[in-house]
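**Q** The structure follows.
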There are 2 protein chains.
Amino acid sequence: MFIGEYEHSLDEKKRISLPKSFRQGLGKKVVMTRGLDNCLFVYSRSAWEKVAAKLQQLSFAQADTRGFNRFILSGAAEVDVDGAGRILIPDHQKEFAGLRKNVVFAGVSDRVEVWDATRWNTYKARIEKNADALAEKLGEIGAL
Amino acid sequence: MFIGEYEHSLDEKKRISLPKSFRQGLGKKVVMTRGLDNCLFVYSRSAWEKVAAKLQQLSFAQADTRGFNRFILSGAAEVDVDGAGRILIPDHQKEFAGLRKNVVFAGVSDRVEVWDATRWNTYKARIEKNADALAEKLGEIGAL
DNA sequence: TTCATTAGTGGGAAAAAGTGGGAAATCATA
DNA sequence: TATGATTTCCCACTTTTTCCCACTAATGAA
């Protein structure tokens, strides 16, 4: 269970250190994928295998499942964690998530999300503002 | 399981190096076929045999499955990987996929796709735009 | 306060991946 | 058989990646 928010910086070699508290849960090899709202998702290898197994059941005959597979799989990357606890962000993912120097790691239950700090702050401001309203909605459907 | 996106360049001799991370999974001989959406599919020999077996199960009675068989099979070629990890793209496939100098390799489950970089970027922009709809689908199959 | 420890960061050197091009070998054509 | 074109093999250059070490700021204990 990953929780918490950490801001780290991406260096010129596109390396970034994982927050210490996430390292054990993620292991020495992680899989990063394109996520929603322009962030990246980071999974441990075992968590990723569950996702991958489901995707393999989809056929390539339909255009939308082809697109779906390409979005998830070609947008993913298996990444090694180096001796200092850092990972290397692939170019296409850096671009997708609009990462600049300041990057936020956010723990969200079974995955870690990677955000550009500016985008994160904008997004966070919005959800903080709407938190009360969201809570009411969730209450109505019996989630809380 | 192939994942990730890599951009390499096709040289004047129509050679192109396979991304390092795909080489082991593909082996020393690969099968390339016409793919869907104007890209090429690259399979390892063993993965290709599974695809071929599935195609053989399709009936010859219907005109469209005959056509599909021809599309895949007649456009296929077995290609050797050279000492530097490069393959030679046959002329008709180069033309089919509209490959110019910049070429993208995309790992998609059991196959590697080969795209002209420009076409890929256009296609990718489209699927990224539809990410929300795709995400709902992901939710349905319980993958995320 | 001082010292030791550790997380995060930066940079240099070695290694490897990707790329280009020449020479030998092969094939086709006259 | 001779000639030219194409293919194959090999070597070399350049850029990128990897590995390792070192610095700094923060933390906590003595």
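To be explicit about the labels: the chains of the structure tokens are called A, B, and onward in the order shown, and within each one the residues are counted from 1, while ligands get numbers from 1 in the order they are shown.
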For segment 19-25 of chain C, find every residue with an atom within 12 Å (counting only C-alpha atoms (C1' of nucleotides)), except residues of its own chain fewer than 4 positions away, and show them as a PyMOL selection string.
**A** (chain B and resi 8-13+15-17+84-86) or (chain D and resi 6-15)
**Q** Take the selection from the previous step and output its residues with N, CA and C atoms (P, O5', C5', C4', C3', O3' and C1' of nucleotides), as an mmCIF file, in the first residue's frame.
**A**
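Result file again-v9.cif:
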data_model
loop_
_atom_site.group_PDB
_atom_site.id
_atom_site.type_symbol
_atom_site.label_atom_id
_atom_site.label_comp_id
_atom_site.auth_asym_id
_atom_site.auth_seq_id
_atom_site.Cartn_x
_atom_site.Cartn_y
_atom_site.Cartn_z
ATOM 1 N N HIS B 8 14.451 4.276 -34.063
ATOM 2 C CA HIS B 8 15.737 3.996 -34.698
ATOM 3 C C HIS B 8 15.686 4.509 -36.128
ATOM 4 N N SER B 9 16.851 4.423 -36.796
ATOM 5 C CA SER B 9 16.823 4.933 -38.161
ATOM 6 C C SER B 9 17.202 3.878 -39.189
ATOM 7 N N LEU B 10 16.501 3.945 -40.299
ATOM 8 C CA LEU B 10 16.684 3.031 -41.415
ATOM 9 C C LEU B 10 17.807 3.606 -42.267
ATOM 10 N N ASP B 11 18.843 2.804 -42.540
ATOM 11 C CA ASP B 11 19.945 3.366 -43.326
ATOM 12 C C ASP B 11 19.729 3.143 -44.820
ATOM 13 N N GLU B 12 20.701 3.601 -45.617
ATOM 14 C CA GLU B 12 20.548 3.538 -47.080
ATOM 15 C C GLU B 12 20.456 2.104 -47.596
ATOM 16 N N LYS B 13 20.995 1.183 -46.826
ATOM 17 C CA LYS B 13 20.938 -0.222 -47.246
ATOM 18 C C LYS B 13 19.684 -0.928 -46.730
ATOM 19 N N ARG B 15 18.767 -1.284 -43.737
ATOM 20 C CA ARG B 15 19.002 -2.004 -42.484
ATOM 21 C C ARG B 15 18.485 -1.162 -41.334
ATOM 22 N N ILE B 16 18.079 -1.841 -40.261
ATOM 23 C CA ILE B 16 17.688 -1.112 -39.053
ATOM 24 C C ILE B 16 17.952 -1.995 -37.843
ATOM 25 N N SER B 17 18.470 -1.403 -36.789
ATOM 26 C CA SER B 17 18.771 -2.236 -35.623
ATOM 27 C C SER B 17 17.547 -2.404 -34.747
ATOM 28 N N ALA B 84 25.161 -7.331 -35.726
ATOM 29 C CA ALA B 84 24.991 -6.095 -34.969
ATOM 30 C C ALA B 84 23.553 -5.921 -34.484
ATOM 31 N N GLY B 85 22.747 -6.975 -34.625
ATOM 32 C CA GLY B 85 21.365 -6.888 -34.161
ATOM 33 C C GLY B 85 20.433 -6.177 -35.126
ATOM 34 N N ARG B 86 20.833 -6.126 -36.406
ATOM 35 C CA ARG B 86 19.993 -5.424 -37.388
ATOM 36 C C ARG B 86 19.240 -6.390 -38.278
ATOM 37 P P DT D 6 21.304 -2.207 -57.729
ATOM 38 O "O5'" DT D 6 21.358 -3.396 -56.671
ATOM 39 C "C5'" DT D 6 20.949 -4.712 -57.070
ATOM 40 C "C4'" DT D 6 21.454 -5.724 -56.072
ATOM 41 C "C3'" DT D 6 21.132 -5.400 -54.604
ATOM 42 O "O3'" DT D 6 20.361 -6.471 -54.083
ATOM 43 C "C1'" DT D 6 23.382 -6.104 -54.860
ATOM 44 P P DT D 7 19.713 -6.384 -52.635
ATOM 45 O "O5'" DT D 7 20.692 -7.334 -51.782
ATOM 46 C "C5'" DT D 7 20.963 -8.653 -52.254
ATOM 47 C "C4'" DT D 7 22.120 -9.237 -51.473
ATOM 48 C "C3'" DT D 7 21.971 -9.159 -49.948
ATOM 49 O "O3'" DT D 7 22.081 -10.487 -49.447
ATOM 50 C "C1'" DT D 7 24.125 -8.432 -50.619
ATOM 51 P P DT D 8 21.828 -10.819 -47.918
ATOM 52 O "O5'" DT D 8 23.306 -10.989 -47.331
ATOM 53 C "C5'" DT D 8 24.226 -11.862 -47.995
ATOM 54 C "C4'" DT D 8 25.600 -11.694 -47.377
ATOM 55 C "C3'" DT D 8 25.614 -11.650 -45.845
ATOM 56 O "O3'" DT D 8 26.484 -12.668 -45.386
ATOM 57 C "C1'" DT D 8 26.898 -9.865 -46.761
ATOM 58 P P DC D 9 26.541 -13.035 -43.827
ATOM 59 O "O5'" DC D 9 27.945 -12.426 -43.388
ATOM 60 C "C5'" DC D 9 29.108 -12.676 -44.183
ATOM 61 C "C4'" DC D 9 30.186 -11.682 -43.817
ATOM 62 C "C3'" DC D 9 30.379 -11.500 -42.312
ATOM 63 O "O3'" DC D 9 31.696 -11.906 -41.957
ATOM 64 C "C1'" DC D 9 30.327 -9.403 -43.466
ATOM 65 P P DC D 10 32.095 -11.972 -40.431
ATOM 66 O "O5'" DC D 10 32.950 -10.639 -40.258
ATOM 67 C "C5'" DC D 10 33.934 -10.317 -41.256
ATOM 68 C "C4'" DC D 10 34.326 -8.861 -41.116
ATOM 69 C "C3'" DC D 10 34.675 -8.429 -39.693
ATOM 70 O "O3'" DC D 10 36.025 -7.993 -39.669
ATOM 71 C "C1'" DC D 10 33.267 -6.842 -40.777
ATOM 72 P P DC D 11 36.723 -7.790 -38.258
ATOM 73 O "O5'" DC D 11 36.936 -6.215 -38.225
ATOM 74 C "C5'" DC D 11 37.515 -5.571 -39.356
ATOM 75 C "C4'" DC D 11 37.179 -4.095 -39.325
ATOM 76 C "C3'" DC D 11 37.545 -3.382 -38.015
ATOM 77 O "O3'" DC D 11 38.347 -2.256 -38.345
ATOM 78 C "C1'" DC D 11 35.337 -2.854 -38.669
ATOM 79 P P DA D 12 39.068 -1.440 -37.212
ATOM 80 O "O5'" DA D 12 38.214 -0.104 -37.181
ATOM 81 C "C5'" DA D 12 38.000 0.621 -38.390
ATOM 82 C "C4'" DA D 12 37.089 1.793 -38.101
ATOM 83 C "C3'" DA D 12 37.411 2.540 -36.801
ATOM 84 O "O3'" DA D 12 37.205 3.912 -37.030
ATOM 85 C "C1'" DA D 12 35.195 1.802 -36.752
ATOM 86 P P DC D 13 37.968 4.997 -36.173
ATOM 87 O "O5'" DC D 13 36.816 6.076 -35.935
ATOM 88 C "C5'" DC D 13 36.051 6.532 -37.058
ATOM 89 C "C4'" DC D 13 34.660 6.902 -36.582
ATOM 90 C "C3'" DC D 13 34.643 7.810 -35.343
ATOM 91 O "O3'" DC D 13 34.037 9.038 -35.702
ATOM 92 C "C1'" DC D 13 33.089 6.003 -35.133
ATOM 93 P P DT D 14 34.025 10.259 -34.657
ATOM 94 O "O5'" DT D 14 32.561 10.139 -34.031
ATOM 95 C "C5'" DT D 14 31.430 10.028 -34.901
ATOM 96 C "C4'" DT D 14 30.184 9.839 -34.068
ATOM 97 C "C3'" DT D 14 30.105 10.757 -32.842
ATOM 98 O "O3'" DT D 14 28.856 11.412 -32.866
ATOM 99 C "C1'" DT D 14 29.742 8.498 -32.209
ATOM 100 P P DT D 15 28.494 12.581 -31.840
ATOM 101 O "O5'" DT D 15 27.345 11.912 -30.956
ATOM 102 C "C5'" DT D 15 26.322 11.167 -31.617
ATOM 103 C "C4'" DT D 15 25.666 10.226 -30.640
ATOM 104 C "C3'" DT D 15 25.206 10.900 -29.333
ATOM 105 O "O3'" DT D 15 23.823 10.638 -29.223
ATOM 106 C "C1'" DT D 15 26.394 8.880 -28.893
#
**Q** If chain B is superposed onto chain A by least squares using every Cα atom in order, what is the RMSD, in Å to one decimal?
**A**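 The root-mean-square deviation of C-alpha positions is 1.6 Å.
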**Q** Nearest to DT6 of chain C: which of A:Phe2, A:Lys20, A:Phe60, A:Lys94 is it, counting only C-alpha atoms (C1' of nucleotides)?
**A** A:Lys20
**Q** Give me, please, the distance in Å between atom CA of Cys39 of chain A and atom CA of Lys137 of chain B, quoted to one decimal.
**A**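 Separating atom CA of Cys39 of chain A from atom CA of Lys137 of chain B is a distance of 18.6 Å.
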**Q** Can you list every residue in segment 21-79 of chain A that DSSP puts in helix (DSSP H, G or I), as a PyMOL selection string?
**A** chain A and resi 21-26+45-55+63-74
**Q** Could you tell me how far atom CA of Glu113 of chain A sits from atom CA of Val42 of chain A, in Å to one decimal place?
**A**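 Between these atoms lies a distance of 6.1 Å.
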**Q** Report as an mmCIF file with C-alpha atoms, in the first residue's frame the set of chain B residues whose atoms approach chain A to within 8 Å, with distances computed over only C-alpha atoms.
**A**
data_model
loop_
_atom_site.group_PDB
_atom_site.id
_atom_site.type_symbol
_atom_site.label_atom_id
_atom_site.label_comp_id
_atom_site.auth_asym_id
_atom_site.auth_seq_id
_atom_site.Cartn_x
_atom_site.Cartn_y
_atom_site.Cartn_z
ATOM 1 C CA PHE B 2 7.272 -6.944 -25.598
ATOM 2 C CA ILE B 3 6.646 -3.478 -24.223
ATOM 3 C CA GLY B 4 8.017 -0.012 -24.882
ATOM 4 C CA GLU B 5 8.690 2.406 -27.698
ATOM 5 C CA ALA B 106 6.601 -0.572 -30.511
ATOM 6 C CA GLY B 107 6.343 -3.601 -28.239
ATOM 7 C CA VAL B 108 2.764 -4.882 -28.143
ATOM 8 C CA SER B 109 2.428 -8.131 -26.207
ATOM 9 C CA LYS B 124 -0.363 7.953 -30.947
ATOM 10 C CA ILE B 127 -5.123 7.046 -28.996
ATOM 11 C CA GLU B 128 -3.847 9.299 -26.245
ATOM 12 C CA ALA B 131 -7.417 7.531 -23.179
ATOM 13 C CA ASP B 132 -10.453 8.180 -20.996
ATOM 14 C CA LEU B 134 -9.967 3.330 -23.050
ATOM 15 C CA ALA B 135 -9.707 3.621 -19.304
ATOM 16 C CA ILE B 141 -11.906 -6.022 -17.578
ATOM 17 C CA ALA B 143 -7.017 -4.470 -15.397
ATOM 18 C CA LEU B 144 -6.417 -1.224 -13.575
#
**Q** Define the interface residues of chain C facing chain A as those within 9 Å, counting only C-alpha atoms (C1' of nucleotides), and report them as a list in words.
**A** DA7, DG8, DT9 and DG10 of chain C
**Q** May I ask you to extract the residues of chain D within 12 Å of chain A, using only C-alpha atoms (C1' of nucleotides), and to give them as number ranges by chain?
**A** D: 16-21
**Q** Write the selection just made, keeping N, CA and C atoms (P, O5', C5', C4', C3', O3' and C1' of nucleotides), as a PDB file, in the first residue's frame?
**A**
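Ended up saving to selection_14.pdb:
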ATOM      1  P    DT D  16      22.966  11.311 -28.016  1.00  0.00           P
ATOM      2  O5'  DT D  16      22.729  10.051 -27.073  1.00  0.00           O
ATOM      3  C5'  DT D  16      22.261   8.836 -27.660  1.00  0.00           C
ATOM      4  C4'  DT D  16      22.458   7.698 -26.691  1.00  0.00           C
ATOM      5  C3'  DT D  16      21.862   7.954 -25.299  1.00  0.00           C
ATOM      6  O3'  DT D  16      20.917   6.917 -25.073  1.00  0.00           O
ATOM      7  C1'  DT D  16      24.070   7.061 -25.140  1.00  0.00           C
ATOM      8  P    DT D  17      20.007   6.904 -23.747  1.00  0.00           P
ATOM      9  O5'  DT D  17      20.766   5.811 -22.846  1.00  0.00           O
ATOM     10  C5'  DT D  17      21.064   4.553 -23.429  1.00  0.00           C
ATOM     11  C4'  DT D  17      22.008   3.787 -22.523  1.00  0.00           C
ATOM     12  C3'  DT D  17      21.549   3.677 -21.060  1.00  0.00           C
ATOM     13  O3'  DT D  17      21.530   2.300 -20.743  1.00  0.00           O
ATOM     14  C1'  DT D  17      23.827   4.333 -21.178  1.00  0.00           C
ATOM     15  P    DT D  18      20.939   1.771 -19.372  1.00  0.00           P
ATOM     16  O5'  DT D  18      22.258   1.420 -18.534  1.00  0.00           O
ATOM     17  C5'  DT D  18      23.270   0.632 -19.151  1.00  0.00           C
ATOM     18  C4'  DT D  18      24.496   0.608 -18.277  1.00  0.00           C
ATOM     19  C3'  DT D  18      24.206   0.436 -16.778  1.00  0.00           C
ATOM     20  O3'  DT D  18      24.968  -0.676 -16.329  1.00  0.00           O
ATOM     21  C1'  DT D  18      25.697   2.245 -17.142  1.00  0.00           C
ATOM     22  P    DC D  19      24.711  -1.323 -14.902  1.00  0.00           P
ATOM     23  O5'  DC D  19      26.017  -0.896 -14.097  1.00  0.00           O
ATOM     24  C5'  DC D  19      27.302  -1.060 -14.705  1.00  0.00           C
ATOM     25  C4'  DC D  19      28.311  -0.215 -13.957  1.00  0.00           C
ATOM     26  C3'  DC D  19      28.161  -0.277 -12.436  1.00  0.00           C
ATOM     27  O3'  DC D  19      29.379  -0.775 -11.874  1.00  0.00           O
ATOM     28  C1'  DC D  19      28.402   1.967 -13.195  1.00  0.00           C
ATOM     29  P    DC D  20      29.417  -1.114 -10.321  1.00  0.00           P
ATOM     30  O5'  DC D  20      30.258   0.098  -9.736  1.00  0.00           O
ATOM     31  C5'  DC D  20      31.420   0.528 -10.451  1.00  0.00           C
ATOM     32  C4'  DC D  20      31.793   1.932 -10.013  1.00  0.00           C
ATOM     33  C3'  DC D  20      31.799   2.140  -8.499  1.00  0.00           C
ATOM     34  O3'  DC D  20      33.119   2.472  -8.099  1.00  0.00           O
ATOM     35  C1'  DC D  20      30.709   3.931  -9.631  1.00  0.00           C
ATOM     36  P    DC D  21      33.478   2.442  -6.549  1.00  0.00           P
ATOM     37  O5'  DC D  21      33.688   3.987  -6.215  1.00  0.00           O
ATOM     38  C5'  DC D  21      34.485   4.783  -7.101  1.00  0.00           C
ATOM     39  C4'  DC D  21      34.151   6.249  -6.894  1.00  0.00           C
ATOM     40  C3'  DC D  21      34.167   6.714  -5.438  1.00  0.00           C
ATOM     41  O3'  DC D  21      35.030   7.835  -5.338  1.00  0.00           O
ATOM     42  C1'  DC D  21      32.210   7.444  -6.522  1.00  0.00           C
TER      43       DC D  21
END
**Q** Write out as JSON, numbers by chain the set of residues from chain B that DSSP, computed on the backbone, places in strand (DSSP E).
**A** {"B": [2, 3, 4, 5, 6, 7, 8, 9, 15, 16, 17, 29, 30, 31, 32, 33, 34, 40, 41, 42, 43, 44, 77, 78, 79, 80, 86, 87, 88, 102, 103, 104, 105, 106, 107, 108, 109, 111, 112, 113, 114, 115, 116]}
**Q** Store the residues of this selection in a file with N, CA and C atoms, as a compact mmCIF listing (two decimals), in the first residue's frame.
**A**
# COMPACT_ATOMS: atom_id res chain seq x y z
N PHE B 2 6.56 -8.14 -25.13
CA PHE B 2 7.27 -6.94 -25.60
C PHE B 2 6.52 -5.69 -25.17
N ILE B 3 7.24 -4.77 -24.56
CA ILE B 3 6.65 -3.48 -24.22
C ILE B 3 7.64 -2.37 -24.53
N GLY B 4 7.14 -1.16 -24.70
CA GLY B 4 8.02 -0.01 -24.88
C GLY B 4 8.03 0.54 -26.29
N GLU B 5 8.64 1.69 -26.43
CA GLU B 5 8.69 2.41 -27.70
C GLU B 5 10.11 2.89 -27.94
N TYR B 6 10.63 2.65 -29.16
CA TYR B 6 12.00 3.04 -29.48
C TYR B 6 12.05 3.62 -30.87
N GLU B 7 12.81 4.68 -31.06
CA GLU B 7 12.96 5.24 -32.41
C GLU B 7 14.37 4.96 -32.91
N HIS B 8 14.45 4.28 -34.06
CA HIS B 8 15.74 4.00 -34.70
C HIS B 8 15.69 4.51 -36.13
N SER B 9 16.85 4.42 -36.80
CA SER B 9 16.82 4.93 -38.16
C SER B 9 17.20 3.88 -39.19
N ARG B 15 18.77 -1.28 -43.74
CA ARG B 15 19.00 -2.00 -42.48
C ARG B 15 18.49 -1.16 -41.33
N ILE B 16 18.08 -1.84 -40.26
CA ILE B 16 17.69 -1.11 -39.05
C ILE B 16 17.95 -1.99 -37.84
N SER B 17 18.47 -1.40 -36.79
CA SER B 17 18.77 -2.24 -35.62
C SER B 17 17.55 -2.40 -34.75
N LYS B 29 16.18 -15.38 -35.97
CA LYS B 29 15.36 -15.32 -37.18
C LYS B 29 13.99 -14.82 -36.78
N VAL B 30 13.50 -13.83 -37.48
CA VAL B 30 12.17 -13.30 -37.15
C VAL B 30 11.28 -13.36 -38.38
N VAL B 31 9.97 -13.27 -38.14
CA VAL B 31 9.02 -13.24 -39.25
C VAL B 31 8.35 -11.88 -39.25
N MET B 32 8.42 -11.21 -40.41
CA MET B 32 7.76 -9.92 -40.54
C MET B 32 6.58 -10.06 -41.49
N THR B 33 5.48 -9.43 -41.11
CA THR B 33 4.31 -9.46 -41.97
C THR B 33 3.73 -8.06 -42.09
N ARG B 34 2.86 -7.92 -43.09
CA ARG B 34 2.04 -6.71 -43.12
C ARG B 34 1.19 -6.72 -41.86
N LEU B 40 4.10 -2.75 -39.66
CA LEU B 40 4.54 -4.13 -39.86
C LEU B 40 4.53 -4.84 -38.52
N PHE B 41 4.25 -6.13 -38.53
CA PHE B 41 4.33 -6.94 -37.32
C PHE B 41 5.60 -7.78 -37.39
N VAL B 42 6.33 -7.85 -36.31
CA VAL B 42 7.50 -8.72 -36.24
C VAL B 42 7.25 -9.75 -35.14
N TYR B 43 7.42 -11.02 -35.50
CA TYR B 43 7.23 -12.10 -34.54
C TYR B 43 8.49 -12.93 -34.40
N SER B 44 8.67 -13.51 -33.24
CA SER B 44 9.69 -14.55 -33.11
C SER B 44 9.14 -15.75 -33.88
N ALA B 77 7.61 -12.47 -44.41
CA ALA B 77 8.97 -12.82 -44.83
C ALA B 77 9.77 -13.24 -43.61
N GLU B 78 10.59 -14.27 -43.78
CA GLU B 78 11.49 -14.64 -42.70
C GLU B 78 12.78 -13.86 -42.89
N VAL B 79 13.25 -13.22 -41.84
CA VAL B 79 14.37 -12.31 -41.94
C VAL B 79 15.42 -12.66 -40.89
N ASP B 80 16.70 -12.64 -41.31
CA ASP B 80 17.79 -12.92 -40.37
C ASP B 80 18.20 -11.66 -39.62
N ARG B 86 20.83 -6.13 -36.41
CA ARG B 86 19.99 -5.42 -37.39
C ARG B 86 19.24 -6.39 -38.28
N ILE B 87 18.13 -5.92 -38.82
CA ILE B 87 17.41 -6.68 -39.83
C ILE B 87 17.33 -5.87 -41.10
N LEU B 88 17.02 -6.56 -42.19
CA LEU B 88 16.89 -5.95 -43.50
C LEU B 88 15.41 -5.93 -43.84
N ASN B 102 13.14 7.78 -40.26
CA ASN B 102 12.85 7.58 -38.84
C ASN B 102 11.73 6.58 -38.63
N VAL B 103 12.07 5.55 -37.86
CA VAL B 103 11.18 4.41 -37.71
C VAL B 103 10.99 4.12 -36.22
N VAL B 104 9.77 3.78 -35.85
CA VAL B 104 9.48 3.48 -34.45
C VAL B 104 9.20 1.99 -34.27
N PHE B 105 9.82 1.40 -33.27
CA PHE B 105 9.50 0.04 -32.86
C PHE B 105 8.61 0.13 -31.63
N ALA B 106 7.50 -0.58 -31.66
CA ALA B 106 6.60 -0.57 -30.51
C ALA B 106 6.35 -2.00 -30.06
N GLY B 107 6.60 -2.28 -28.80
CA GLY B 107 6.34 -3.60 -28.24
C GLY B 107 4.88 -3.71 -27.87
N VAL B 108 4.18 -4.70 -28.43
CA VAL B 108 2.76 -4.88 -28.14
C VAL B 108 2.51 -6.36 -27.88
N SER B 109 2.70 -6.76 -26.63
CA SER B 109 2.43 -8.13 -26.21
C SER B 109 3.32 -9.15 -26.93
N ARG B 111 4.06 -9.35 -30.10
CA ARG B 111 4.66 -8.90 -31.36
C ARG B 111 5.33 -7.53 -31.19
N VAL B 112 6.23 -7.24 -32.12
CA VAL B 112 6.83 -5.92 -32.18
C VAL B 112 6.29 -5.25 -33.43
N GLU B 113 5.86 -4.02 -33.32
CA GLU B 113 5.35 -3.31 -34.49
C GLU B 113 6.37 -2.31 -35.00
N VAL B 114 6.39 -2.16 -36.32
CA VAL B 114 7.31 -1.23 -36.96
C VAL B 114 6.51 -0.16 -37.68
N TRP B 115 6.74 1.08 -37.31
CA TRP B 115 5.97 2.20 -37.86
C TRP B 115 6.89 3.26 -38.42
N ASP B 116 6.45 3.94 -39.46
CA ASP B 116 7.11 5.17 -39.84
C ASP B 116 6.86 6.16 -38.70
**Q** Report, in Å with one decimal, the straight-line distance from atom C1' of DA25 of chain D to atom CA of Met1 of chain A.
**A**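 These atoms are spaced 28.7 Å apart.
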